[in-house]
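Q: So here's target_33.txt (compact mmCIF, C-alpha atoms).
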# COMPACT_ATOMS: atom_id res chain seq x y z
CA PRO R 1148 60.24 53.62 55.68
CA ASP R 1149 60.15 55.50 58.93
CA PRO R 1150 61.73 59.02 58.87
CA PRO R 1151 65.13 59.34 60.55
CA PRO R 1152 65.00 60.48 64.16
CA THR R 1153 65.46 64.20 64.74
CA LEU R 1154 68.72 65.06 66.55
CA LYS R 1155 68.17 67.33 69.55
CA PRO R 1156 70.85 69.82 70.66
CA PRO R 1157 72.59 68.99 73.94
CA SER R 1158 70.81 70.23 77.00
CA SER R 1159 72.15 73.40 78.59
CA PRO R 1160 71.28 75.10 81.87
CA ARG R 1161 68.20 77.23 81.65
CA ARG R 1162 68.69 80.97 81.55
CA ARG R 1163 66.17 83.48 82.69
CA ILE R 1164 65.30 85.75 79.82
CA ALA R 1165 63.34 88.88 80.53
CA SER R 1166 60.16 89.17 78.58
CA PRO R 1167 60.01 91.74 75.76
CA LEU R 1168 57.19 93.56 77.55
CA ALA R 1169 59.25 93.96 80.73
CA MET R 1170 62.29 95.16 78.78
CA GLU R 1171 60.14 97.59 76.82
CA GLY R 1172 58.67 98.93 80.08
CA ARG R 1173 62.11 99.50 81.61
CA THR R 1174 63.36 101.24 78.47
CA THR R 1175 60.29 103.44 78.35
CA THR R 1176 60.69 104.41 82.01
CA THR R 1177 64.39 105.28 81.56
CA ILE R 1178 63.75 107.38 78.46
CA ALA R 1179 60.90 109.17 80.21
CA ALA R 1180 63.10 110.04 83.18
CA LEU R 1181 65.82 111.39 80.91
CA LEU R 1182 63.32 113.48 78.95
CA LEU R 1183 61.83 114.94 82.14
CA GLY R 1184 65.31 115.90 83.43
CA ALA R 1185 66.23 117.53 80.12
CA ALA R 1186 62.93 119.38 80.02
CA ALA R 1187 63.52 120.79 83.49
CA VAL R 1188 66.95 122.04 82.50
CA PHE R 1189 65.73 123.65 79.29
CA ALA R 1190 62.78 125.24 81.10
CA LEU R 1191 65.10 126.85 83.62
CA VAL R 1192 67.45 128.03 80.88
CA ALA R 1193 64.57 129.57 78.95
CA SER R 1194 63.31 131.42 82.02
CA GLN R 1195 66.68 133.13 82.66
CA PRO R 1196 68.05 136.16 80.82
CA SER R 1197 70.09 135.42 77.73
CA GLY R 1198 73.43 136.21 79.37
CA GLN R 1199 72.79 133.79 82.24
CA ASN R 1200 71.36 130.83 80.31
CA LEU R 1201 74.60 128.88 80.08
CA GLN R 1202 75.60 129.45 83.72
CA ALA R 1203 72.15 128.51 85.00
CA GLY R 1204 72.10 125.35 82.91
CA LEU R 1205 75.52 124.28 84.13
CA ALA R 1206 74.58 124.95 87.76
CA THR R 1207 71.45 122.83 87.40
CA MET R 1208 73.39 119.98 85.81
CA ARG R 1209 75.96 120.08 88.62
CA THR R 1210 73.17 119.97 91.19
CA ALA R 1211 71.35 117.14 89.46
CA SER R 1212 74.44 114.97 88.92
CA SER R 1213 77.47 114.62 91.19
CA LYS R 1214 79.71 113.31 88.40
CA ILE R 1215 81.96 115.38 86.16
CA ALA R 1216 84.14 114.34 83.25
CA LEU R 1217 87.91 114.33 83.57
CA PRO R 1218 90.12 115.41 80.66
CA ASN R 1219 90.83 111.74 79.86
CA GLY R 1220 87.12 110.94 79.50
CA ASN R 1221 86.62 109.17 82.83
CA LEU R 1222 83.82 110.17 85.18
CA PHE R 1223 84.50 111.10 88.77
CA GLU R 1224 81.88 111.51 91.49
CA VAL R 1225 82.33 114.76 93.36
CA PRO R 1226 81.14 114.84 96.99
CA SER R 1227 78.45 117.35 97.86
CA ASN R 1228 80.75 119.33 100.17
CA HIS R 1229 83.57 119.66 97.62
CA PRO R 1230 84.85 123.27 97.59
CA VAL R 1231 85.20 123.52 93.79
CA MET R 1232 82.72 122.17 91.24
CA ASN R 1233 84.42 123.50 88.12
CA ARG R 1234 85.80 121.36 85.32
CA ASP R 1235 88.84 123.63 85.06
CA TYR R 1236 90.21 122.23 88.32
CA ALA R 1237 89.82 118.56 87.35
CA ARG R 1238 93.30 117.04 86.93
CA ASP R 1239 94.15 113.67 85.48
CA VAL R 1240 96.80 112.50 88.01
CA LYS R 1241 98.18 109.04 88.68
CA VAL R 1242 98.78 108.40 92.37
CA CYS R 1243 100.06 105.45 94.38
CA SER R 1244 98.14 102.16 94.26
CA ARG R 1245 96.80 102.57 97.80
CA GLN R 1246 94.79 105.63 96.81
CA ARG R 1247 92.28 106.42 94.13
CA LYS R 1248 93.74 106.28 90.65
CA TRP R 1249 91.89 109.36 89.40
CA GLU R 1250 91.50 112.17 91.84
CA ILE R 1251 90.28 115.76 91.69
CA ARG R 1252 92.47 118.27 93.48
CA PRO R 1253 91.55 121.97 93.38
CA ALA R 1254 94.43 123.94 91.94
CA ASN R 1255 93.82 126.80 94.35
CA GLN R 1256 94.36 124.50 97.33
CA ARG R 1257 97.59 122.73 96.32
CA GLU R 1258 100.73 123.70 98.19
CA PRO R 1259 103.92 124.39 96.21
CA ILE R 1260 106.73 121.84 95.98
CA LYS R 1261 109.77 123.45 97.61
CA MET R 1262 113.51 123.17 97.07
CA GLY R 1263 115.78 120.56 98.69
CA MET R 1264 119.49 119.96 99.28
CA VAL R 1265 122.12 117.24 98.96
CA GLY R 1266 124.09 115.93 101.93
CA THR R 1267 126.32 113.12 103.16
CA LYS R 1268 125.25 110.60 105.77
CA ALA R 1269 127.62 111.04 108.73
CA GLY R 1270 126.14 108.46 111.11
CA MET R 1271 123.54 107.92 113.84
CA THR R 1272 123.47 109.05 117.45
CA VAL R 1273 121.01 109.81 120.26
CA TYR R 1274 119.29 113.13 120.81
CA TYR R 1275 117.95 113.83 124.32
CA ASP R 1276 115.00 116.15 124.63
CA GLN R 1277 115.77 118.66 127.42
CA GLU R 1278 112.09 119.19 128.27
CA THR R 1279 110.69 115.65 128.32
CA GLY R 1280 113.90 113.66 128.76
CA GLU R 1281 113.07 111.39 125.83
CA ALA R 1282 115.88 109.80 123.84
CA HIS R 1283 115.42 110.04 120.06
CA PRO R 1284 117.45 108.03 117.53
CA VAL R 1285 118.69 110.59 115.01
CA THR R 1286 120.83 110.65 111.88
CA VAL R 1287 123.35 113.39 111.22
CA ILE R 1288 123.56 114.58 107.60
CA ALA R 1289 126.74 116.54 106.88
CA LEU R 1290 126.70 119.36 104.32
CA GLU R 1291 130.00 119.33 102.46
CA GLU R 1292 131.28 121.95 100.03
CA GLY R 1293 128.67 122.45 97.35
CA ASN R 1294 124.90 122.82 97.11
CA VAL R 1295 125.45 125.46 94.43
CA VAL R 1296 122.88 126.03 91.70
CA SER R 1297 124.42 124.81 88.45
CA GLN R 1298 121.41 125.14 86.12
CA VAL R 1299 117.83 126.42 86.15
CA LYS R 1300 115.50 124.55 83.77
CA THR R 1301 112.26 126.07 82.50
CA LYS R 1302 109.28 124.82 80.56
CA GLU R 1303 110.24 126.98 77.57
CA THR R 1304 113.73 125.47 77.19
CA ASP R 1305 113.50 122.01 78.78
CA GLY R 1306 109.79 121.24 79.03
CA TYR R 1307 109.60 121.36 82.83
CA ASP R 1308 110.67 123.52 85.77
CA ALA R 1309 113.60 122.26 87.84
CA VAL R 1310 116.74 123.42 89.62
CA GLN R 1311 120.00 121.49 89.27
CA ILE R 1312 122.55 121.75 92.05
CA ALA R 1313 126.18 120.64 92.24
CA TYR R 1314 127.59 119.01 95.36
CA LYS R 1315 130.93 117.93 96.84
CA GLN R 1316 133.82 119.95 95.45
CA CYS R 1317 136.65 118.02 93.78
CA ARG R 1318 139.61 118.54 91.46
CA ASP R 1319 138.97 119.42 87.84
CA ARG R 1320 140.62 116.34 86.38
CA THR R 1321 138.43 113.96 88.42
CA ILE R 1322 135.24 114.73 86.44
CA PRO R 1323 134.58 114.35 82.69
CA TRP R 1324 135.38 117.28 80.41
CA PRO R 1325 131.75 117.84 79.25
CA GLU R 1326 130.60 118.05 82.86
CA ARG R 1327 133.39 120.48 83.66
CA GLN R 1328 132.39 122.72 80.75
CA HIS R 1329 128.75 122.48 81.82
CA LEU R 1330 129.60 123.85 85.27
CA ARG R 1331 131.72 126.63 83.76
CA LYS R 1332 128.96 127.61 81.37
CA HIS R 1333 126.27 127.88 84.06
CA GLY R 1334 127.45 130.23 86.77
CA ASN R 1335 131.16 129.38 86.48
CA VAL R 1336 130.73 126.80 89.26
CA LYS R 1337 133.77 124.98 90.60
CA ALA R 1338 134.25 121.31 89.83
CA MET R 1339 131.68 119.23 91.73
CA LYS R 1340 131.42 115.47 91.86
CA HIS R 1341 127.62 115.10 92.01
CA LEU R 1342 124.77 116.77 90.14
CA ARG R 1343 121.21 116.45 91.40
CA GLU R 1344 117.97 117.87 90.06
CA PHE R 1345 114.93 119.02 92.05
CA LYS R 1346 111.57 119.60 90.35
CA ILE R 1347 109.83 122.45 92.15
CA SER R 1348 106.74 124.57 91.59
CA ASP R 1349 108.40 128.00 91.50
CA ILE R 1350 111.90 128.53 90.08
CA ASN R 1351 111.89 132.28 90.64
CA GLY R 1352 114.69 133.38 92.90
CA PHE R 1353 117.18 130.74 91.75
CA GLU R 1354 120.08 131.56 89.43
CA PRO R 1355 123.27 129.70 88.40
CA GLY R 1356 126.09 130.10 90.90
CA GLN R 1357 123.78 130.72 93.87
CA GLN R 1358 124.77 129.12 97.20
CA LEU R 1359 121.93 127.34 99.03
CA ASN R 1360 121.69 127.52 102.82
CA ALA R 1361 119.98 124.88 104.94
CA GLU R 1362 118.47 127.32 107.44
CA GLU R 1363 116.73 129.17 104.59
CA LEU R 1364 115.15 125.98 103.19
CA PHE R 1365 114.36 124.04 106.38
CA SER R 1366 113.53 124.73 110.02
CA VAL R 1367 113.26 122.63 113.17
CA GLY R 1368 110.05 120.59 113.10
CA ASP R 1369 109.70 120.38 109.33
CA LEU R 1370 109.03 117.00 107.75
CA VAL R 1371 111.49 115.91 105.05
CA ASP R 1372 111.94 113.01 102.62
CA VAL R 1373 115.44 111.53 102.43
CA SER R 1374 116.43 109.52 99.33
CA GLY R 1375 119.57 107.49 98.85
CA THR R 1376 121.08 104.13 97.91
CA THR R 1377 120.73 101.36 100.46
CA ILE R 1378 123.62 99.22 101.69
CA GLY R 1379 124.44 96.36 99.31
CA LYS R 1380 124.26 92.91 100.91
CA GLY R 1381 125.28 90.84 97.91
CA PHE R 1382 123.66 87.47 97.10
CA GLN R 1383 121.52 86.39 100.06
CA GLY R 1384 119.22 83.47 100.79
CA SER R 1385 115.47 83.57 101.18
CA VAL R 1386 115.62 83.64 105.00
CA LYS R 1387 117.55 86.91 105.14
CA ARG R 1388 116.18 88.42 101.95
CA TRP R 1389 112.46 87.76 102.53
CA GLY R 1390 112.28 86.78 106.20
CA MET R 1391 111.15 83.20 105.54
CA LYS R 1392 111.13 80.63 108.34
CA ARG R 1393 113.90 78.06 108.54
CA GLY R 1394 113.47 74.33 108.91
CA PRO R 1395 114.13 72.28 112.06
CA MET R 1396 117.75 72.26 113.17
CA THR R 1397 117.66 68.82 114.87
CA HIS R 1398 116.16 65.32 114.57
CA GLY R 1399 117.88 64.53 111.32
CA SER R 1400 116.54 67.48 109.32
CA LYS R 1401 118.59 68.31 106.23
CA SER R 1402 116.77 71.52 105.23
CA HIS R 1403 117.79 74.12 107.78
CA ARG R 1404 117.76 77.36 105.76
CA GLN R 1405 116.67 76.07 102.36
CA HIS R 1406 113.95 77.67 100.29
CA GLY R 1407 111.66 74.67 99.97
CA SER R 1408 109.17 73.94 97.20
CA ILE R 1409 109.18 76.41 94.32
CA GLY R 1410 106.33 75.17 92.10
CA SER R 1411 104.00 72.45 90.90
CA SER R 1412 104.90 69.27 89.02
CA ALA R 1413 102.20 68.57 86.46
CA THR R 1414 100.15 71.76 86.56
CA PRO R 1415 101.41 74.24 85.50
CA SER R 1416 104.71 72.34 85.33
CA ARG R 1417 106.82 75.45 85.70
CA VAL R 1418 108.00 78.02 88.23
CA LEU R 1419 105.66 81.00 88.45
CA LYS R 1420 107.09 84.44 87.79
CA GLY R 1421 107.74 86.71 90.73
CA LEU R 1422 108.45 83.91 93.20
CA LYS R 1423 110.42 85.06 96.24
CA MET R 1424 113.76 83.31 96.05
CA ALA R 1425 117.41 83.91 96.88
CA GLY R 1426 119.11 86.75 95.03
CA HIS R 1427 120.73 90.16 95.22
CA LEU R 1428 119.79 92.19 98.28
CA GLY R 1429 120.22 95.94 98.79
CA ASN R 1430 122.04 98.51 96.66
CA GLU R 1431 118.82 100.11 95.41
CA ARG R 1432 117.32 103.56 95.67
CA LYS R 1433 114.96 104.07 98.60
CA THR R 1434 113.12 107.05 100.08
CA ILE R 1435 112.26 107.43 103.75
CA LYS R 1436 109.35 109.85 104.12
CA LYS R 1437 108.18 112.25 106.81
CA LEU R 1438 111.28 112.46 108.98
CA PRO R 1439 111.15 115.44 111.38
CA VAL R 1440 114.09 117.84 111.49
CA MET R 1441 115.52 117.94 115.03
CA MET R 1442 118.50 120.29 114.63
CA ILE R 1443 119.99 122.39 111.84
CA SER R 1444 123.03 124.65 111.52
CA ASP R 1445 124.65 126.47 108.61
CA GLU R 1446 127.68 127.37 110.66
CA ASP R 1447 128.54 123.78 111.56
CA ARG R 1448 127.05 122.50 108.27
CA TYR R 1449 124.71 119.71 109.36
CA ILE R 1450 121.07 118.64 109.43
CA VAL R 1451 119.82 116.24 112.11
CA VAL R 1452 116.67 114.21 111.38
CA ARG R 1453 114.85 111.73 113.57
CA GLY R 1454 115.06 108.11 112.41
CA SER R 1455 117.25 106.21 109.98
CA ILE R 1456 117.98 106.99 106.34
CA PRO R 1457 119.21 104.77 103.47
CA GLY R 1458 122.87 103.90 103.03
CA LYS R 1459 125.96 103.73 105.18
CA LYS R 1460 128.38 106.44 106.32
CA GLY R 1461 129.45 108.53 103.35
CA THR R 1462 126.33 107.85 101.26
CA ILE R 1463 125.10 110.82 99.21
CA VAL R 1464 121.47 111.55 100.10
CA GLU R 1465 118.86 114.03 98.91
CA VAL R 1466 116.86 115.95 101.49
CA ARG R 1467 113.68 117.65 100.35
CA PRO R 1468 110.44 118.84 102.00
CA THR R 1469 107.87 116.08 102.29
CA LYS R 1470 105.65 115.81 99.22
CA ILE R 1471 102.21 114.50 100.18
CA VAL R 1472 99.84 113.22 97.50
CA GLY R 1473 96.68 115.30 97.60
CA VAL R 1474 98.41 118.26 99.25
CA HIS R 1475 101.35 119.14 97.03
CA CYS R 1476 100.46 117.27 93.81
Could you quickly redo this structure as structure tokens?
A:
Amino acid sequence: PDPPPTLKPPSSPRRRIASPLAMEGRTTTTIAALLLGAAAVFALVASQPSGQNLQAGLATMRTASSKIALPNGNLFEVPSNHPVMNRDYARDVKVCSRQRKWEIRPANQREPIKMGMVGTKAGMTVYYDQETGEAHPVTVIALEEGNVVSQVKTKETDGYDAVQIAYKQCRDRTIPWPERQHLRKHGNVKAMKHLREFKISDINGFEPGQQLNAEELFSVGDLVDVSGTTIGKGFQGSVKRWGMKRGPMTHGSKSHRQHGSIGSSATPSRVLKGLKMAGHLGNERKTIKKLPVMMISDEDRYIVVRGSIPGKKGTIVEVRPTKIVGVHC
């Protein structure tokens, strides 16, 4: 009888496979280049005095390759005009998503993070420049009783350097007993309603019970970051919460300010996560950055900044010098 027919595997798209000779040639070329580079480095090291061998070798490697290893193992390409080419200055820092995730910042070029203050939003007004006649929208931040150092944290005791300040004096029985004892223990500070912490680079010069003055920390023209809690709007629809367009208001339309379609029917047959819908709006912590200081006074106890800040009248806000990624951290 005839032999059974041989089953052939199903046809698949052809793939280009490099020949073994071509792969061997590439591998040989790469290995040869590496060996030549290593030989040049070792030849230079051997020609130098014994005390300078290591430094000469490192200098040659830095010149030959513009990449250095970060402490986490990642490689970072250093530009040729970078002021520092030393591994000691490579820092593993996470920055915002709009910048590079791993970045090298020379430690000798970073500016210190300075101290801030706590204030109360008093309202907005108009500031007229006497020289140019321009009208600037400004916010007045009142400085109530407080801004007293209540604790100084160090790396030895708390693991990081920070200064805690107490703000807005109140009666003793209006704050919890542990908090009252905490203020008495550190500087015998009077009862304060709010405690805020500022992480700074240098804690020297701060001690419990010290009174902070605005004119010593800020000056006219400085840029500051103001943090606070925004105004709560409650449950709002998608038009106000996300700025979506509304439907037609006439011609028999029955979807004026409705959300509209929220997902597919068959595929994937569910509502995708993160969809912009109606929900709670406001009442969250926000920071407005780089607001210039227009006026400041310790006698009248206020700080005037250009622009708007989070919250309504009476909101507790934190004012601190602007922290720029790549300059201060």
Q: Between CA of Val1273 (chain R) and CA of Leu1438 (chain R), what is the distance in Å, rounded to a tenth?
A: 15.1 Å
Q: Compare R:Val1287, R:Val1295, R:Met1339, R:Ala1282 by their minimum atom-to-atom distance to Val1373 (chain R), counting all atoms listed in the file, and give me the closest one.
A: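 Looking at the shortest contact to Val1373 (chain R), the residue is R:Val1287.
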Q: Just how far from CA of Leu1364 (chain R) is CA of Glu1281 (chain R), in Å to one decimal?
A: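 CA of Leu1364 (chain R) lies 27.0 Å from CA of Glu1281 (chain R).
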Q: Calculate how many Å separate CA of Gly1368 (chain R) from CA of Val1451 (chain R), rounding to one decimal.
A: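 Those two atoms sit 10.7 Å apart.
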Q: Please identify all polymer residues within 12 Å of region 1345-1353 of chain R, counting all atoms listed in the file, omitting same-chain residues fewer than 5 positions from it, and present them as a short mmCIF file (atom, residue, chain, number, x, y, z; two decimals) with C-alpha atoms, in the coordinates of the input.
A:
data_model
loop_
_atom_site.label_atom_id
_atom_site.label_comp_id
_atom_site.auth_asym_id
_atom_site.auth_seq_id
_atom_site.Cartn_x
_atom_site.Cartn_y
_atom_site.Cartn_z
CA ARG R 1257 97.59 122.73 96.32
CA GLU R 1258 100.73 123.70 98.19
CA PRO R 1259 103.92 124.39 96.21
CA ILE R 1260 106.73 121.84 95.98
CA LYS R 1261 109.77 123.45 97.61
CA MET R 1262 113.51 123.17 97.07
CA GLY R 1263 115.78 120.56 98.69
CA MET R 1264 119.49 119.96 99.28
CA VAL R 1265 122.12 117.24 98.96
CA ASN R 1294 124.90 122.82 97.11
CA VAL R 1295 125.45 125.46 94.43
CA VAL R 1296 122.88 126.03 91.70
CA SER R 1297 124.42 124.81 88.45
CA GLN R 1298 121.41 125.14 86.12
CA VAL R 1299 117.83 126.42 86.15
CA LYS R 1300 115.50 124.55 83.77
CA THR R 1301 112.26 126.07 82.50
CA LYS R 1302 109.28 124.82 80.56
CA ASP R 1305 113.50 122.01 78.78
CA GLY R 1306 109.79 121.24 79.03
CA TYR R 1307 109.60 121.36 82.83
CA ASP R 1308 110.67 123.52 85.77
CA ALA R 1309 113.60 122.26 87.84
CA VAL R 1310 116.74 123.42 89.62
CA GLN R 1311 120.00 121.49 89.27
CA ILE R 1312 122.55 121.75 92.05
CA ALA R 1313 126.18 120.64 92.24
CA GLY R 1334 127.45 130.23 86.77
CA GLN R 1358 124.77 129.12 97.20
CA LEU R 1359 121.93 127.34 99.03
CA GLU R 1465 118.86 114.03 98.91
CA VAL R 1466 116.86 115.95 101.49
CA ARG R 1467 113.68 117.65 100.35
CA PRO R 1468 110.44 118.84 102.00
CA LYS R 1470 105.65 115.81 99.22
CA HIS R 1475 101.35 119.14 97.03
CA CYS R 1476 100.46 117.27 93.81
#
Q: Given the choices R:Ser1402, R:Ser1408, R:Thr1462, R:Thr1286, which gets closest to His1341 (chain R) if the distance is worked out from all atoms listed in the file?
A: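 Comparing R:Ser1402, R:Ser1408, R:Thr1462, R:Thr1286 against His1341 (chain R), the winner is R:Thr1462.
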Q: Check the smallest atom-to-atom distance from each of R:Asn1360, R:His1406, R:Gly1426, R:Ser1374 to Lys1268 (chain R) using only C-alpha atoms, then report the winner.
A: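 Between R:Asn1360, R:His1406, R:Gly1426, R:Ser1374, the residue approaching Lys1268 (chain R) most closely is R:Ser1374.
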Q: Quick one: 5 Å padding each side, axis-aligned, all listed atoms of region 1294-1297 of chain R - centre and edge lengths in Å to one decimal, as lines of an AutoDock Vina configuration file?
A:
center_x = 124.2
center_y = 124.4
center_z = 92.8
size_x = 12.6
size_y = 13.2
size_z = 18.7
Q: Determine, counting all atoms listed in the file, which protein, DNA and RNA residues have an atom within 9 Å of an atom of Met1442 (chain R); residues of the same chain fewer than 3 positions away are not included. Present the result as a PyMOL selection string.
A: chain R and resi 1366-1368+1449-1452
Q: Taking only C-alpha atoms into account, which of R:His1403, R:Lys1387, R:His1283, R:Arg1417 comes nearest Arg1453 (chain R)?
A: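 Of R:His1403, R:Lys1387, R:His1283, R:Arg1417, the one nearest Arg1453 (chain R) is R:His1283, counting only C-alpha atoms.
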Q: Neighbours of Gln1405 (chain R) within 10 Å (all atoms listed in the file; same-chain residues fewer than 5 positions away dropped), as JSON, numbers by chain?
A: {"R": [1384, 1385, 1386, 1391, 1392, 1393, 1394, 1425]}
Q: Which is closest to Gln1316 (chain R) among R:Lys1332, R:Arg1388, R:Lys1340, R:Lys1460, if we use only C-alpha atoms?
A: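 Among R:Lys1332, R:Arg1388, R:Lys1340, R:Lys1460, it is R:Lys1340 that comes nearest to Gln1316 (chain R).
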Q: Hey, which of R:Val1464, R:Ile1456, R:Asp1369, R:Pro1395 ends up closest to Met1271 (chain R)? Count all atoms listed in the file.
A: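 Nearest to Met1271 (chain R): R:Ile1456.
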Q: Need a file for region 1265-1350 of chain R from that block: C-alpha atoms, written as a compact mmCIF listing (two decimals), in the first residue's frame.
A:
# COMPACT_ATOMS: atom_id res chain seq x y z
CA VAL R 1265 2.01 80.13 57.68
CA GLY R 1266 -0.65 82.75 57.02
CA THR R 1267 -4.37 83.33 56.56
CA LYS R 1268 -5.92 84.33 53.26
CA ALA R 1269 -7.53 87.75 53.81
CA GLY R 1270 -8.83 88.41 50.30
CA MET R 1271 -7.94 89.87 46.90
CA THR R 1272 -7.53 93.46 45.77
CA VAL R 1273 -5.76 95.55 43.12
CA TYR R 1274 -2.22 96.86 43.40
CA TYR R 1275 -1.31 99.84 41.19
CA ASP R 1276 2.29 100.23 40.16
CA GLN R 1277 3.30 103.87 40.75
CA GLU R 1278 5.95 103.82 38.02
CA THR R 1279 4.20 102.07 35.13
CA GLY R 1280 0.57 102.56 36.16
CA GLU R 1281 -0.21 98.87 35.72
CA ALA R 1282 -2.95 97.26 37.81
CA HIS R 1283 -1.95 93.92 39.35
CA PRO R 1284 -4.43 91.47 40.91
CA VAL R 1285 -2.96 90.62 44.31
CA THR R 1286 -3.87 88.48 47.31
CA VAL R 1287 -3.35 89.69 50.86
CA ILE R 1288 -2.09 87.04 53.31
CA ALA R 1289 -2.57 88.06 56.94
CA LEU R 1290 -0.08 86.92 59.58
CA GLU R 1291 -1.98 86.19 62.78
CA GLU R 1292 -0.50 85.44 66.20
CA GLY R 1293 1.92 82.58 65.84
CA ASN R 1294 4.67 81.47 63.46
CA VAL R 1295 6.66 80.32 66.49
CA VAL R 1296 9.12 77.45 66.22
CA SER R 1297 7.65 74.54 68.17
CA GLN R 1298 10.16 71.80 67.28
CA VAL R 1299 13.43 71.34 65.39
CA LYS R 1300 13.85 67.88 63.84
CA THR R 1301 17.26 66.48 62.92
CA LYS R 1302 18.51 63.46 61.04
CA GLU R 1303 19.91 61.96 64.24
CA THR R 1304 16.58 61.99 66.10
CA ASP R 1305 13.91 61.95 63.38
CA GLY R 1306 15.69 60.84 60.21
CA TYR R 1307 15.38 64.17 58.38
CA ASP R 1308 15.92 67.89 58.92
CA ALA R 1309 12.80 70.02 59.40
CA VAL R 1310 11.40 72.90 61.43
CA GLN R 1311 7.90 72.72 62.89
CA ILE R 1312 6.06 75.97 63.56
CA ALA R 1313 2.86 76.70 65.47
CA TYR R 1314 0.31 79.18 64.18
CA LYS R 1315 -2.86 80.96 65.30
CA GLN R 1316 -3.03 81.34 69.07
CA CYS R 1317 -6.07 79.90 70.84
CA ARG R 1318 -7.27 78.88 74.29
CA ASP R 1319 -5.70 75.89 75.97
CA ARG R 1320 -8.89 73.84 76.20
CA THR R 1321 -9.54 74.08 72.44
CA ILE R 1322 -6.64 71.78 71.49
CA PRO R 1323 -5.98 68.16 72.56
CA TRP R 1324 -3.99 67.54 75.72
CA PRO R 1325 -1.06 65.74 73.97
CA GLU R 1326 -0.65 68.67 71.59
CA ARG R 1327 -0.74 71.10 74.50
CA GLN R 1328 1.99 69.16 76.31
CA HIS R 1329 4.01 69.00 73.09
CA LEU R 1330 4.02 72.80 72.83
CA ARG R 1331 4.95 73.16 76.50
CA LYS R 1332 7.79 70.69 76.15
CA HIS R 1333 9.37 72.41 73.14
CA GLY R 1334 10.00 76.04 73.97
CA ASN R 1335 7.00 76.48 76.30
CA VAL R 1336 4.97 77.77 73.34
CA LYS R 1337 1.46 79.06 73.93
CA ALA R 1338 -1.51 77.07 72.69
CA MET R 1339 -1.67 77.21 68.89
CA LYS R 1340 -4.34 75.77 66.65
CA HIS R 1341 -2.19 74.70 63.68
CA LEU R 1342 1.16 72.94 63.40
CA ARG R 1343 3.04 72.94 60.11
CA GLU R 1344 6.38 71.43 59.17
CA PHE R 1345 8.94 72.79 56.69
CA LYS R 1346 11.77 70.61 55.39
CA ILE R 1347 14.79 72.83 54.82
CA SER R 1348 18.45 72.33 53.99
CA ASP R 1349 19.97 74.06 57.03
CA ILE R 1350 18.30 73.99 60.46
